[in-house]
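Participant: Supplied structure: structure-v8.pdb, PDB, C-alpha atoms.
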ATOM      1  CA  MET A   1     113.805 -46.127  -3.291
ATOM      2  CA  THR A   2     112.017 -46.079   0.044
ATOM      3  CA  GLU A   3     110.471 -49.082   1.690
ATOM      4  CA  GLU A   4     106.726 -49.072   1.928
ATOM      5  CA  PRO A   5     105.412 -49.410   5.467
ATOM      6  CA  GLN A   6     104.074 -52.836   6.268
ATOM      7  CA  VAL A   7     100.350 -52.785   6.670
ATOM      8  CA  ARG A   8      99.184 -54.844   9.591
ATOM      9  CA  ARG A   9      96.454 -57.181   8.452
ATOM     10  CA  ARG A  10      93.323 -57.016  10.541
ATOM     11  CA  ASP A  11      91.710 -60.207  11.659
ATOM     12  CA  ALA A  12      88.100 -59.389  12.439
ATOM     13  CA  ALA A  13      87.228 -62.944  13.497
ATOM     14  CA  ALA A  14      90.137 -63.104  15.953
ATOM     15  CA  THR A  15      89.308 -59.685  17.382
ATOM     16  CA  LYS A  16      85.649 -60.597  17.768
ATOM     17  CA  ALA A  17      86.597 -63.856  19.510
ATOM     18  CA  ALA A  18      89.012 -62.001  21.816
ATOM     19  CA  LEU A  19      86.271 -59.534  22.750
ATOM     20  CA  LEU A  20      83.843 -62.383  23.460
ATOM     21  CA  ASP A  21      86.419 -64.214  25.587
ATOM     22  CA  ALA A  22      87.328 -61.078  27.529
ATOM     23  CA  ALA A  23      83.675 -60.190  28.070
ATOM     24  CA  ALA A  24      82.858 -63.726  29.222
ATOM     25  CA  ALA A  25      85.658 -63.652  31.777
ATOM     26  CA  LEU A  26      84.777 -60.208  33.123
ATOM     27  CA  PHE A  27      81.001 -60.753  33.180
ATOM     28  CA  ALA A  28      81.532 -64.036  35.055
ATOM     29  CA  GLU A  29      83.849 -62.355  37.558
ATOM     30  CA  ARG A  30      82.047 -59.027  38.055
ATOM     31  CA  GLY A  31      78.558 -59.273  36.587
ATOM     32  CA  PHE A  32      77.073 -57.050  33.889
ATOM     33  CA  ASP A  33      76.805 -53.776  35.784
ATOM     34  CA  ARG A  34      80.364 -53.790  37.156
ATOM     35  CA  THR A  35      81.971 -54.662  33.823
ATOM     36  CA  THR A  36      82.883 -51.722  31.603
ATOM     37  CA  VAL A  37      83.297 -51.662  27.849
ATOM     38  CA  ARG A  38      86.716 -50.104  28.422
ATOM     39  CA  ASP A  39      87.796 -53.065  30.591
ATOM     40  CA  ILE A  40      86.552 -55.602  28.028
ATOM     41  CA  ALA A  41      88.418 -53.876  25.200
ATOM     42  CA  LYS A  42      91.579 -53.560  27.276
ATOM     43  CA  LEU A  43      91.568 -57.253  28.251
ATOM     44  CA  ALA A  44      90.943 -58.226  24.613
ATOM     45  CA  GLY A  45      93.705 -55.929  23.375
ATOM     46  CA  ALA A  46      91.221 -54.172  21.107
ATOM     47  CA  ASN A  47      89.765 -50.733  20.588
ATOM     48  CA  GLN A  48      86.397 -49.999  22.226
ATOM     49  CA  ALA A  49      85.057 -48.873  18.868
ATOM     50  CA  LEU A  50      85.495 -52.413  17.536
ATOM     51  CA  LEU A  51      83.308 -53.754  20.318
ATOM     52  CA  PHE A  52      80.510 -51.479  19.178
ATOM     53  CA  ARG A  53      81.147 -52.261  15.509
ATOM     54  CA  TYR A  54      80.964 -56.031  16.036
ATOM     55  CA  PHE A  55      78.239 -56.217  18.686
ATOM     56  CA  GLY A  56      76.389 -52.889  18.653
ATOM     57  CA  SER A  57      76.181 -52.482  22.418
ATOM     58  CA  LYS A  58      77.319 -53.882  25.729
ATOM     59  CA  ASP A  59      73.883 -55.508  26.109
ATOM     60  CA  ALA A  60      74.178 -57.254  22.748
ATOM     61  CA  LEU A  61      77.684 -58.443  23.629
ATOM     62  CA  PHE A  62      76.361 -59.805  26.912
ATOM     63  CA  GLU A  63      73.602 -61.681  25.102
ATOM     64  CA  GLU A  64      76.166 -63.168  22.717
ATOM     65  CA  VAL A  65      78.375 -64.271  25.622
ATOM     66  CA  LEU A  66      75.442 -66.008  27.282
ATOM     67  CA  ALA A  67      74.218 -67.645  24.114
ATOM     68  CA  ARG A  68      77.584 -68.719  22.667
ATOM     69  CA  GLY A  69      78.261 -71.733  24.870
ATOM     70  CA  GLY A  70      74.627 -72.730  25.130
ATOM     71  CA  ARG A  71      74.014 -72.731  21.393
ATOM     72  CA  GLU A  72      77.065 -74.866  20.764
ATOM     73  CA  GLN A  73      76.059 -77.273  23.520
ATOM     74  CA  ILE A  74      72.515 -77.619  22.180
ATOM     75  CA  ALA A  75      73.720 -78.105  18.610
ATOM     76  CA  THR A  76      76.335 -80.745  19.418
ATOM     77  CA  THR A  77      74.757 -82.730  22.248
ATOM     78  CA  PRO A  78      72.113 -85.436  21.830
ATOM     79  CA  PRO A  79      68.911 -84.472  23.723
ATOM     80  CA  GLY A  80      69.244 -87.329  26.218
ATOM     81  CA  GLU A  81      72.724 -86.118  27.196
ATOM     82  CA  LEU A  82      72.048 -82.375  27.265
ATOM     83  CA  LEU A  83      71.267 -82.031  30.974
ATOM     84  CA  GLY A  84      74.278 -84.123  31.983
ATOM     85  CA  THR A  85      76.564 -82.164  29.666
ATOM     86  CA  ALA A  86      75.269 -78.789  30.888
ATOM     87  CA  LEU A  87      75.526 -79.856  34.525
ATOM     88  CA  ARG A  88      79.014 -81.304  34.100
ATOM     89  CA  SER A  89      80.287 -78.191  32.302
ATOM     90  CA  MET A  90      78.930 -76.027  35.096
ATOM     91  CA  LEU A  91      80.524 -78.173  37.817
ATOM     92  CA  GLU A  92      83.981 -78.520  36.298
ATOM     93  CA  SER A  93      86.515 -76.264  37.924
ATOM     94  CA  ASP A  94      88.961 -75.947  35.043
ATOM     95  CA  LYS A  95      89.630 -72.475  33.743
ATOM     96  CA  GLY A  96      88.721 -73.348  30.160
ATOM     97  CA  ARG A  97      85.099 -74.152  30.944
ATOM     98  CA  ASP A  98      82.183 -72.159  29.646
ATOM     99  CA  ARG A  99      81.402 -69.478  32.239
ATOM    100  CA  SER A 100      78.202 -68.138  30.707
ATOM    101  CA  LEU A 101      76.129 -69.441  33.622
ATOM    102  CA  ASP A 102      78.422 -67.623  36.077
ATOM    103  CA  ALA A 103      77.982 -64.436  34.012
ATOM    104  CA  TYR A 104      74.207 -64.836  34.082
ATOM    105  CA  LEU A 105      74.066 -65.568  37.808
ATOM    106  CA  ARG A 106      76.236 -62.562  38.659
ATOM    107  CA  SER A 107      74.001 -60.355  36.503
ATOM    108  CA  THR A 108      70.511 -61.424  37.544
ATOM    109  CA  GLY A 109      69.553 -57.893  38.625
ATOM    110  CA  HIS A 110      70.093 -56.599  35.100
ATOM    111  CA  ASP A 111      66.957 -56.754  32.941
ATOM    112  CA  SER A 112      68.857 -57.506  29.753
ATOM    113  CA  ALA A 113      70.493 -60.533  31.380
ATOM    114  CA  ALA A 114      67.209 -62.143  32.336
ATOM    115  CA  SER A 115      65.652 -61.377  28.988
ATOM    116  CA  ALA A 116      68.657 -62.704  27.046
ATOM    117  CA  VAL A 117      68.705 -65.994  28.893
ATOM    118  CA  ARG A 118      64.961 -66.529  28.543
ATOM    119  CA  ARG A 119      65.004 -65.676  24.876
ATOM    120  CA  GLN A 120      68.298 -67.185  23.743
ATOM    121  CA  LEU A 121      68.961 -70.109  26.033
ATOM    122  CA  GLY A 122      66.112 -70.903  28.344
ATOM    123  CA  GLU A 123      63.621 -71.555  25.593
ATOM    124  CA  GLU A 124      66.095 -73.575  23.520
ATOM    125  CA  TYR A 125      67.174 -75.779  26.435
ATOM    126  CA  ALA A 126      63.588 -76.232  27.608
ATOM    127  CA  LYS A 127      62.456 -77.193  24.121
ATOM    128  CA  VAL A 128      65.086 -79.944  23.941
ATOM    129  CA  LEU A 129      64.471 -81.177  27.502
ATOM    130  CA  ALA A 130      60.705 -81.271  26.917
ATOM    131  CA  THR A 131      61.272 -83.841  24.154
ATOM    132  CA  LEU A 132      62.549 -86.278  26.778
ATOM    133  CA  THR A 133      59.099 -86.850  28.223
ATOM    134  CA  ASP A 134      55.686 -87.484  26.760
ATOM    135  CA  ALA A 135      53.904 -86.077  29.813
ATOM    136  CA  ASP A 136      51.185 -83.474  29.213
ATOM    137  CA  ASP A 137      53.145 -80.982  31.305
ATOM    138  CA  ALA A 138      56.473 -81.542  29.499
ATOM    139  CA  ASP A 139      57.177 -77.786  29.273
ATOM    140  CA  LEU A 140      56.725 -77.348  33.023
ATOM    141  CA  ARG A 141      58.970 -80.341  33.739
ATOM    142  CA  ALA A 142      61.664 -78.912  31.463
ATOM    143  CA  ASP A 143      61.449 -75.519  33.201
ATOM    144  CA  LEU A 144      61.763 -77.208  36.611
ATOM    145  CA  ILE A 145      64.953 -78.923  35.448
ATOM    146  CA  LEU A 146      66.344 -75.586  34.234
ATOM    147  CA  ALA A 147      65.441 -73.910  37.528
ATOM    148  CA  TRP A 148      67.258 -76.658  39.377
ATOM    149  CA  LEU A 149      70.324 -76.248  37.169
ATOM    150  CA  LEU A 150      70.403 -72.489  37.778
ATOM    151  CA  GLY A 151      69.912 -73.045  41.518
ATOM    152  CA  ILE A 152      72.830 -75.453  41.656
ATOM    153  CA  GLY A 153      74.995 -72.893  39.875
ATOM    154  CA  LEU A 154      73.905 -70.142  42.249
ATOM    155  CA  VAL A 155      74.583 -72.137  45.403
ATOM    156  CA  ARG A 156      77.853 -73.656  44.176
ATOM    157  CA  GLU A 157      79.479 -70.793  42.263
ATOM    158  CA  ILE A 158      78.036 -67.586  43.635
ATOM    159  CA  THR A 159      77.205 -68.189  47.309
ATOM    160  CA  GLY A 160      79.804 -70.942  47.795
ATOM    161  CA  LYS A 161      77.563 -72.792  50.250
ATOM    162  CA  GLU A 162      78.967 -76.056  51.516
ATOM    163  CA  PRO A 163      78.758 -78.937  51.004
ATOM    164  CA  LEU A 164      77.659 -78.233  47.411
ATOM    165  CA  ALA A 165      80.463 -75.746  46.733
ATOM    166  CA  SER A 166      83.140 -78.412  47.095
ATOM    167  CA  ALA A 167      81.107 -81.497  46.227
ATOM    168  CA  ASP A 168      82.595 -83.911  43.756
ATOM    169  CA  PRO A 169      81.058 -83.308  40.293
ATOM    170  CA  ASP A 170      80.509 -87.056  39.857
ATOM    171  CA  ASP A 171      78.425 -87.194  43.043
ATOM    172  CA  VAL A 172      76.356 -84.148  42.069
ATOM    173  CA  CYS A 173      75.753 -85.535  38.555
ATOM    174  CA  ARG A 174      74.756 -88.950  39.918
ATOM    175  CA  LEU A 175      72.186 -87.468  42.294
ATOM    176  CA  VAL A 176      70.776 -84.785  40.006
ATOM    177  CA  LEU A 177      70.589 -86.907  36.869
ATOM    178  CA  GLY A 178      68.915 -89.745  38.762
ATOM    179  CA  ALA A 179      66.205 -87.415  40.048
ATOM    180  CA  ALA A 180      65.865 -85.685  36.665
ATOM    181  CA  ARG A 181      65.258 -89.031  34.936
ATOM    182  CA  THR A 182      62.213 -89.481  37.162
ATOM    183  CA  LEU A 183      60.878 -86.058  36.263
ATOM    184  CA  LEU A 184      61.482 -86.519  32.532
ATOM    185  CA  GLU A 185      60.525 -90.189  32.188
ATOM    186  CA  HIS A 186      58.164 -91.364  29.480
ATOM    187  CA  SER A 187      54.792 -92.630  30.663
ATOM    188  CA  GLY A 188      54.418 -95.224  27.878
TER     189      GLY A 188
END
So, in terms of structure tokens, how does the structure I just supplied come out?
Facilitator:
Amino acid sequence: MTEEPQVRRRDAAATKAALLDAAAALFAERGFDRTTVRDIAKLAGANQALLFRYFGSKDALFEEVLARGGREQIATTPPGELLGTALRSMLESDKGRDRSLDAYLRSTGHDSAASAVRRQLGEEYAKVLATLTDADDADLRADLILAWLLGIGLVREITGKEPLASADPDDVCRLVLGAARTLLEHSG
């Protein structure tokens, strides 16, 4: 009697997560255009065909990478703490932090990147932030806060301009959140 070969069980959820993690790391490091599907699959230890099966395209994978951390943050963070949480997660230097903002900032020249952030994250964050003020121009105020957040990420993470690049996260949060409270305050 011969032994039957052991069939390796596939774990679609683990493979999908590995592809997302690999893509997030490479997009944050290289940007969209300089990241190849082959490199993502190799880093994830998966076949390129699985990337296309699970996500459909590199663009769709990029959108998922950008939206993944933001959606979770929006869903689990009270509105009054959202800006502080987003800012703090962007400023933390640990390797386990969400790097979707880095991926976006390194890919701003790619049309899909801008469209994905506007559609998937920008509108969702702005909607939550706009609830923090009763001003008639709440949407504009929320967009200004988002622009500031993206600008901080650009100057700190991408250009590395000092003193912001090495500023203590507590100091940055104290200054930004204090100013943001003024912009988002209730008039009543």
Participant: Which residues match the PyMOL selection byres ((chain A and resi 36) around 12) in the file above, as a compact mmCIF listing (two decimals) with C-alpha atoms, in the frame of the given file?
Facilitator:
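Result saved to selection38.txt:
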# COMPACT_ATOMS: atom_id res chain seq x y z
CA ALA A 22 87.33 -61.08 27.53
CA ALA A 23 83.68 -60.19 28.07
CA LEU A 26 84.78 -60.21 33.12
CA PHE A 27 81.00 -60.75 33.18
CA ARG A 30 82.05 -59.03 38.06
CA GLY A 31 78.56 -59.27 36.59
CA PHE A 32 77.07 -57.05 33.89
CA ASP A 33 76.81 -53.78 35.78
CA ARG A 34 80.36 -53.79 37.16
CA THR A 35 81.97 -54.66 33.82
CA VAL A 37 83.30 -51.66 27.85
CA ARG A 38 86.72 -50.10 28.42
CA ASP A 39 87.80 -53.06 30.59
CA ILE A 40 86.55 -55.60 28.03
CA ALA A 41 88.42 -53.88 25.20
CA LYS A 42 91.58 -53.56 27.28
CA LEU A 43 91.57 -57.25 28.25
CA GLN A 48 86.40 -50.00 22.23
CA LEU A 51 83.31 -53.75 20.32
CA SER A 57 76.18 -52.48 22.42
CA LYS A 58 77.32 -53.88 25.73
CA ASP A 59 73.88 -55.51 26.11
CA LEU A 61 77.68 -58.44 23.63
CA PHE A 62 76.36 -59.80 26.91
Participant: Can you list, as a list in words, every protein, DNA or RNA residue that comes within 8 Å of region 139-146 of chain A when you count only C-alpha atoms, leaving out same-chain residues fewer than 3 positions away?
Facilitator: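 Surrounding residues, per the criterion: Gly122, Tyr125, Ala126, Lys127, Leu129, Ala130, Leu149, Leu150, Ala180, Leu183 and Leu184 of chain A.
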Participant: What is the CA of Arg71 (chain A) to CA of Leu121 (chain A) distance in Å?
Facilitator: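 Taking CA of Arg71 (chain A) and CA of Leu121 (chain A), their separation equals 7.3 Å.
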Participant: CA of Ser89 (chain A) to CA of Asp137 (chain A): how many Å, to one decimal?
Facilitator: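 According to the coordinates, CA of Ser89 (chain A) and CA of Asp137 (chain A) are separated by 27.3 Å.
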Participant: For the atom pair CA of Ala24 (chain A) and CA of Val65 (chain A), what is the interatomic distance in Å to one decimal place?
Facilitator: 5.8 Å
Participant: Using all atoms listed in the file, find all polymer residues with an atom at most 9 Å away from the point (69.0, -81.4, 25.5); report them as a PyMOL selection string.
Facilitator: chain A and resi 73-75+77-86+124-132
Participant: I'd like the box whose edges run along x, y and z of the file and which contains every listed atom of region 27-43 of chain A, padded by 6 Å per side; could you state its centre and edge lengths in Å, one decimal, as AutoDock Vina command-line options?
Facilitator:
--center_x 84.2 --center_y -57.1 --center_z 31.6 --size_x 26.8 --size_y 25.9 --size_z 24.9
Participant: Evaluating the PyMOL selection byres ((chain A and resi 54) around 10) on the displayed file yields which residues, as a list in words?
Facilitator: Ala12, Ala13, Thr15, Lys16, Leu19, Ala49, Leu50, Leu51, Phe52, Arg53, Phe55, Gly56, Ser57, Ala60 and Leu61 of chain A
Participant: I need the residues from that last selection saved to file as a PDB file, in the coordinates of the input (with C-alpha atoms), if you can.
Facilitator:
ATOM      1  CA  ALA A  12      88.100 -59.389  12.439  1.00  0.00           C
ATOM      2  CA  ALA A  13      87.228 -62.944  13.497  1.00  0.00           C
ATOM      3  CA  THR A  15      89.308 -59.685  17.382  1.00  0.00           C
ATOM      4  CA  LYS A  16      85.649 -60.597  17.768  1.00  0.00           C
ATOM      5  CA  LEU A  19      86.271 -59.534  22.750  1.00  0.00           C
ATOM      6  CA  ALA A  49      85.057 -48.873  18.868  1.00  0.00           C
ATOM      7  CA  LEU A  50      85.495 -52.413  17.536  1.00  0.00           C
ATOM      8  CA  LEU A  51      83.308 -53.754  20.318  1.00  0.00           C
ATOM      9  CA  PHE A  52      80.510 -51.479  19.178  1.00  0.00           C
ATOM     10  CA  ARG A  53      81.147 -52.261  15.509  1.00  0.00           C
ATOM     11  CA  PHE A  55      78.239 -56.217  18.686  1.00  0.00           C
ATOM     12  CA  GLY A  56      76.389 -52.889  18.653  1.00  0.00           C
ATOM     13  CA  SER A  57      76.181 -52.482  22.418  1.00  0.00           C
ATOM     14  CA  ALA A  60      74.178 -57.254  22.748  1.00  0.00           C
ATOM     15  CA  LEU A  61      77.684 -58.443  23.629  1.00  0.00           C
TER      16      LEU A  61
END
